[in-house]
Amino acid sequence: MDSVTYPNRLLAILPRKDRDRLITRCQEVTLAVGDLLCSPGERIRHAHFPLAGIASLVVPVDTHAGLHVELVGTEGMIGVPLVLGATTATLQGCVQHSGVSLRLTAAALRRELKMSRSLREMLNRYTFVLRTQLAETAACNSFHPLEARLARWLLMMLDRSHSTEFHLTHELLGKMLGVRRVGITNAAGALQKHGLVQYSRGDIKVLDRAGLEKLSCACYRSAKDTYRRILNGRTQQSKRRTKTVRRLP
Ligand SMILES: [Zn+2]
């Protein structure tokens with residue numbers, strides 16, 4: 001499988017040799033809704049590279065159910081603390097949309113990081129992107145209107161589910177947006193009234209993606225631009241450098 005079509009975008013960035021070796025260390029596992037891939041205070045046993053499906057990163061808040069701060073799908077990985085040398089999770093990784101991932105043990109990832117400079121560089125860059133997105137989510141929750149934030153989360157789900165229809169209960173949306181049920185009802189009602197979505201008992205159908213993008217706060221576009229600039233930009237640089245080296249006598 002070549003780098004253009006590989007389903008996980010981070011693995012797609014790797015040189016084929018490094019990607020093939022990493023994949024032989026992985027096990028393909030099913031992701032079911034509600035599965036916990038990591039839990040705060042517990043040892044991180046595996047890293048996951050989703051090939052399909054979505055997990056959310058949740059920060060615990062006192063005795064509350066927690067606030068969802070990021071969605072990770074085929075564009076990312078679960079287990080970033082391992083890249084930084086940490087062994088214990090501080091965020092919960094919970095599957096929201098079923099799928100499949102390539103899973104490798106923490107020890108295997110550490111070995112691969114030592115062997116592959118490309119893997120190290122790529123995951124360092126992904127860590128930077130994720131850190132930036134988490135900071136933006138914190139600012140977004142404080143400063144941007146609820147309807148704009150709801151539009152942003154729906155676009156993130158849309159991108160990662162590769163479908164215009166998905167299931168998100170009021171309770172889950174409340175954890176994503178950090179607001180009570182009535183706030184979600186009002187915001188979802190407003191989006192429906194504008195003809196952007198159809199929402200019934202947690203089933204969401206996106207009717208007007210362009211309209212959602214227009215309503216969303218700038219955080220959605222900013223996160224996509226950061227990912228493209230830091231990760232995809234690197235791919236192009238690497239390819240150009242490789243071509244230059246090949247022309248040398
Ligand atoms: Zn925002």
# chains A, B, ... in the order shown; residues from 1 in each chain; ligands from 1
call {"tool": "residues_around", "arguments": {"residues": "Gly99 of chain A", "least_positions_apart": "2", "cutoff": "8 Å", "atoms": "only C-alpha atoms", "output": "JSON, numbers by chain"}}
result
{"A": [30, 31, 32, 50, 51, 52, 53, 54, 97, 101]}
call {"tool": "closest_atom_pairs", "arguments": {"of": "chain A", "to": "ligand 1", "cutoff": "6 Å", "atoms": "only C-alpha atoms and all ligand atoms", "output": "CSV"}}
result
residue,atom,partner,partner_atom_place_in_ligand_line,distance
A:Cys140,CA,ligand 1,1 (Zn),3.7
A:His144,CA,ligand 1,1 (Zn),5.1
A:Arg149,CA,ligand 1,1 (Zn),5.6
A:Cys217,CA,ligand 1,1 (Zn),4.5
A:Ala218,CA,ligand 1,1 (Zn),5.8
A:Cys219,CA,ligand 1,1 (Zn),4.3
call {"tool": "residues_around", "arguments": {"residues": "Arg120 of chain A", "least_positions_apart": "5", "cutoff": "8 Å", "atoms": "only C-alpha atoms", "output": "list in words"}}
result
Val83, Leu113 and Lys114 of chain A
call {"tool": "closest_residue", "arguments": {"among": "A:Glu28, A:Asp62, A:Glu42, A:Asp20", "to": "Gln92 of chain A", "atoms": "only C-alpha atoms"}}
result
A:Glu42
call {"tool": "select_by_dssp", "arguments": {"residues": "segment 31-178 of chain A", "states": "strand (DSSP E or B)", "output": "ChimeraX atom specification"}}
result
/A:31,36-38,43,46-59,67-72,78,88,92-105,165-167
call {"tool": "closest_residue", "arguments": {"among": "A:Val100, A:Val182, A:Cys38, A:Leu168", "to": "Leu146 of chain A", "atoms": "only C-alpha atoms"}}
result
A:Val182
call {"tool": "atom_distance", "arguments": {"atom1": "atom CA of Arg16 of chain A", "atom2": "atom CA of Phe128 of chain A"}}
result
23.1 Å
call {"tool": "select_by_dssp", "arguments": {"residues": "segment 14-92 of chain A", "states": "alpha helix (DSSP H)", "output": "VMD selection string"}}
result
chain A and resid 16 to 24 80 to 83
call {"tool": "atom_distance", "arguments": {"atom1": "atom CA of Val59 of chain A", "atom2": "atom CA of Leu91 of chain A"}}
result
5.1 Å
call {"tool": "residues_around", "arguments": {"residues": "Tyr227 of chain A", "least_positions_apart": "2", "cutoff": "12 Å", "atoms": "only C-alpha atoms", "output": "list in words"}}
result
Arg9, Leu10, Glu75, Gly76, Met122, Arg125, Tyr126, Thr127, Phe128, Val129, Leu130, Arg131, Thr132, Gln133, Tyr220, Arg221, Ser222, Ala223, Lys224, Asp225, Arg229, Ile230, Leu231, Asn232, Gly233, Arg234 and Thr235 of chain A
call {"tool": "atom_distance", "arguments": {"atom1": "atom CA of Glu112 of chain A", "atom2": "atom CA of Arg43 of chain A"}}
result
19.2 Å
call {"tool": "closest_residue", "arguments": {"among": "A:Val58, A:Ile184, A:Ala138, A:Val206", "to": "Leu71 of chain A", "atoms": "only C-alpha atoms"}}
result
A:Val58
call {"tool": "closest_residue", "arguments": {"among": "A:His68, A:Arg45, A:Arg201, A:Arg19", "to": "Val179 of chain A", "atoms": "only C-alpha atoms"}}
result
A:His68
call {"tool": "closest_residue", "arguments": {"among": "A:Gly93, A:Pro15, A:Gly211, A:Gly41", "to": "Val72 of chain A", "atoms": "only C-alpha atoms"}}
result
A:Gly93
call {"tool": "residues_around", "arguments": {"residues": "Leu191 of chain A", "least_positions_apart": "2", "cutoff": "12 Å", "atoms": "only C-alpha atoms", "output": "VMD selection string"}}
result
chain A and resid 146 to 152 154 184 to 189 193 to 199 204 to 209 211 to 216
call {"tool": "closest_residue", "arguments": {"among": "A:Lys17, A:Gln96, A:Arg180, A:Asp203", "to": "Gly34 of chain A", "atoms": "only C-alpha atoms"}}
result
A:Gln96
call {"tool": "residues_around", "arguments": {"residues": "Asp159 of chain A", "least_positions_apart": "6", "cutoff": "10 Å", "atoms": "only C-alpha atoms", "output": "PyMOL selection string"}}
result
chain A and resi 73-75+153
call {"tool": "write_last_selection", "arguments": {"atoms": "N, CA, C and O atoms", "output": "compact mmCIF listing (two decimals), in the first residue's frame"}}
result
# COMPACT_ATOMS: atom_id res chain seq x y z
N GLY A 73 -8.94 10.55 15.19
CA GLY A 73 -9.38 9.55 14.22
C GLY A 73 -8.20 9.10 13.38
O GLY A 73 -7.07 8.99 13.88
N THR A 74 -8.44 8.92 12.10
CA THR A 74 -7.39 8.40 11.23
C THR A 74 -6.29 9.42 10.97
O THR A 74 -5.28 9.09 10.35
N GLU A 75 -6.48 10.66 11.43
CA GLU A 75 -5.42 11.66 11.26
C GLU A 75 -4.40 11.60 12.39
O GLU A 75 -3.39 12.32 12.33
N TRP A 153 -17.33 21.27 16.54
CA TRP A 153 -17.25 19.85 16.93
C TRP A 153 -17.91 18.95 15.87
O TRP A 153 -17.42 17.86 15.59
call {"tool": "decode", "arguments": {"residues": "segment 163-178 of chain A", "atoms": "all heavy atoms", "output": "compact mmCIF listing (two decimals), in the first residue's frame"}}
result
# COMPACT_ATOMS: atom_id res chain seq x y z
N SER A 163 -18.35 10.45 7.18
CA SER A 163 -19.77 10.23 6.90
C SER A 163 -20.52 11.49 7.28
O SER A 163 -20.08 12.26 8.13
CB SER A 163 -20.26 9.04 7.74
OG SER A 163 -21.67 9.00 7.73
N THR A 164 -21.68 11.71 6.65
CA THR A 164 -22.48 12.89 7.01
C THR A 164 -23.50 12.56 8.09
O THR A 164 -24.26 13.42 8.50
CB THR A 164 -23.22 13.44 5.77
OG1 THR A 164 -24.00 12.38 5.22
CG2 THR A 164 -22.25 13.97 4.73
N GLU A 165 -23.51 11.28 8.53
CA GLU A 165 -24.47 10.90 9.58
C GLU A 165 -23.72 10.22 10.72
O GLU A 165 -22.89 9.33 10.47
CB GLU A 165 -25.52 9.95 9.01
CG GLU A 165 -26.38 10.60 7.95
CD GLU A 165 -27.44 9.65 7.41
OE1 GLU A 165 -28.04 8.90 8.19
OE2 GLU A 165 -27.64 9.67 6.17
N PHE A 166 -23.98 10.62 11.94
CA PHE A 166 -23.38 9.96 13.10
C PHE A 166 -24.26 10.15 14.32
O PHE A 166 -25.24 10.90 14.28
CB PHE A 166 -21.96 10.47 13.35
CG PHE A 166 -21.77 11.94 13.14
CD1 PHE A 166 -22.03 12.84 14.16
CD2 PHE A 166 -21.36 12.44 11.91
CE1 PHE A 166 -21.88 14.20 13.96
CE2 PHE A 166 -21.19 13.81 11.70
CZ PHE A 166 -21.45 14.69 12.74
N HIS A 167 -23.91 9.45 15.39
CA HIS A 167 -24.74 9.46 16.60
C HIS A 167 -24.02 10.21 17.71
O HIS A 167 -22.89 9.87 18.07
CB HIS A 167 -25.02 8.01 17.03
CG HIS A 167 -26.04 7.92 18.11
ND1 HIS A 167 -27.39 8.07 17.88
CD2 HIS A 167 -25.91 7.71 19.44
CE1 HIS A 167 -28.05 7.97 19.02
NE2 HIS A 167 -27.16 7.75 19.99
N LEU A 168 -24.63 11.22 18.23
CA LEU A 168 -24.08 11.99 19.35
C LEU A 168 -25.23 12.35 20.28
O LEU A 168 -26.11 13.14 19.91
CB LEU A 168 -23.44 13.30 18.85
CG LEU A 168 -22.05 13.27 18.22
CD1 LEU A 168 -21.68 14.66 17.72
CD2 LEU A 168 -21.02 12.77 19.19
N THR A 169 -25.24 11.78 21.46
CA THR A 169 -26.32 12.08 22.39
C THR A 169 -26.15 13.48 22.98
O THR A 169 -25.05 14.06 22.93
CB THR A 169 -26.33 11.07 23.55
OG1 THR A 169 -25.07 11.20 24.24
CG2 THR A 169 -26.50 9.65 23.06
N HIS A 170 -27.21 14.01 23.57
CA HIS A 170 -27.13 15.30 24.26
C HIS A 170 -26.06 15.25 25.35
O HIS A 170 -25.33 16.21 25.56
CB HIS A 170 -28.49 15.62 24.90
CG HIS A 170 -29.38 16.45 24.04
ND1 HIS A 170 -29.82 16.03 22.81
CD2 HIS A 170 -29.90 17.69 24.21
CE1 HIS A 170 -30.58 16.96 22.27
NE2 HIS A 170 -30.65 17.98 23.09
N GLU A 171 -26.02 14.11 26.03
CA GLU A 171 -25.05 13.97 27.14
C GLU A 171 -23.62 14.10 26.62
O GLU A 171 -22.79 14.81 27.19
CB GLU A 171 -25.25 12.60 27.79
CG GLU A 171 -24.38 12.41 29.03
CD GLU A 171 -24.44 10.97 29.52
OE1 GLU A 171 -25.08 10.12 28.88
OE2 GLU A 171 -23.80 10.71 30.56
N LEU A 172 -23.34 13.43 25.48
CA LEU A 172 -22.00 13.48 24.92
C LEU A 172 -21.67 14.87 24.40
O LEU A 172 -20.57 15.39 24.61
CB LEU A 172 -21.90 12.44 23.78
CG LEU A 172 -20.53 12.25 23.14
CD1 LEU A 172 -19.48 11.94 24.20
CD2 LEU A 172 -20.58 11.13 22.12
N LEU A 173 -22.64 15.49 23.74
CA LEU A 173 -22.41 16.86 23.25
C LEU A 173 -22.15 17.80 24.43
O LEU A 173 -21.32 18.71 24.35
CB LEU A 173 -23.63 17.34 22.45
CG LEU A 173 -23.73 16.79 21.03
CD1 LEU A 173 -25.10 17.11 20.44
CD2 LEU A 173 -22.64 17.38 20.15
N GLY A 174 -22.86 17.57 25.55
CA GLY A 174 -22.64 18.38 26.74
C GLY A 174 -21.21 18.24 27.25
O GLY A 174 -20.59 19.22 27.67
N LYS A 175 -20.67 17.02 27.18
CA LYS A 175 -19.28 16.80 27.63
C LYS A 175 -18.29 17.42 26.65
O LYS A 175 -17.18 17.78 27.02
CB LYS A 175 -19.01 15.30 27.76
CG LYS A 175 -19.74 14.65 28.91
CD LYS A 175 -19.47 13.16 28.90
CE LYS A 175 -20.37 12.44 29.90
NZ LYS A 175 -20.28 10.97 29.71
N MET A 176 -18.66 17.50 25.38
CA MET A 176 -17.77 18.13 24.40
C MET A 176 -17.74 19.64 24.58
O MET A 176 -16.71 20.28 24.41
CB MET A 176 -18.22 17.81 22.97
CG MET A 176 -17.95 16.39 22.55
SD MET A 176 -18.60 16.08 20.91
CE MET A 176 -17.85 14.48 20.56
N LEU A 177 -18.90 20.19 24.92
CA LEU A 177 -19.02 21.65 24.95
C LEU A 177 -18.96 22.22 26.36
O LEU A 177 -18.87 23.43 26.54
CB LEU A 177 -20.32 22.07 24.26
CG LEU A 177 -20.35 21.70 22.77
CD1 LEU A 177 -21.77 21.68 22.23
CD2 LEU A 177 -19.51 22.70 21.97
N GLY A 178 -19.03 21.34 27.35
CA GLY A 178 -18.94 21.81 28.73
C GLY A 178 -20.15 22.62 29.15
O GLY A 178 -20.03 23.58 29.93
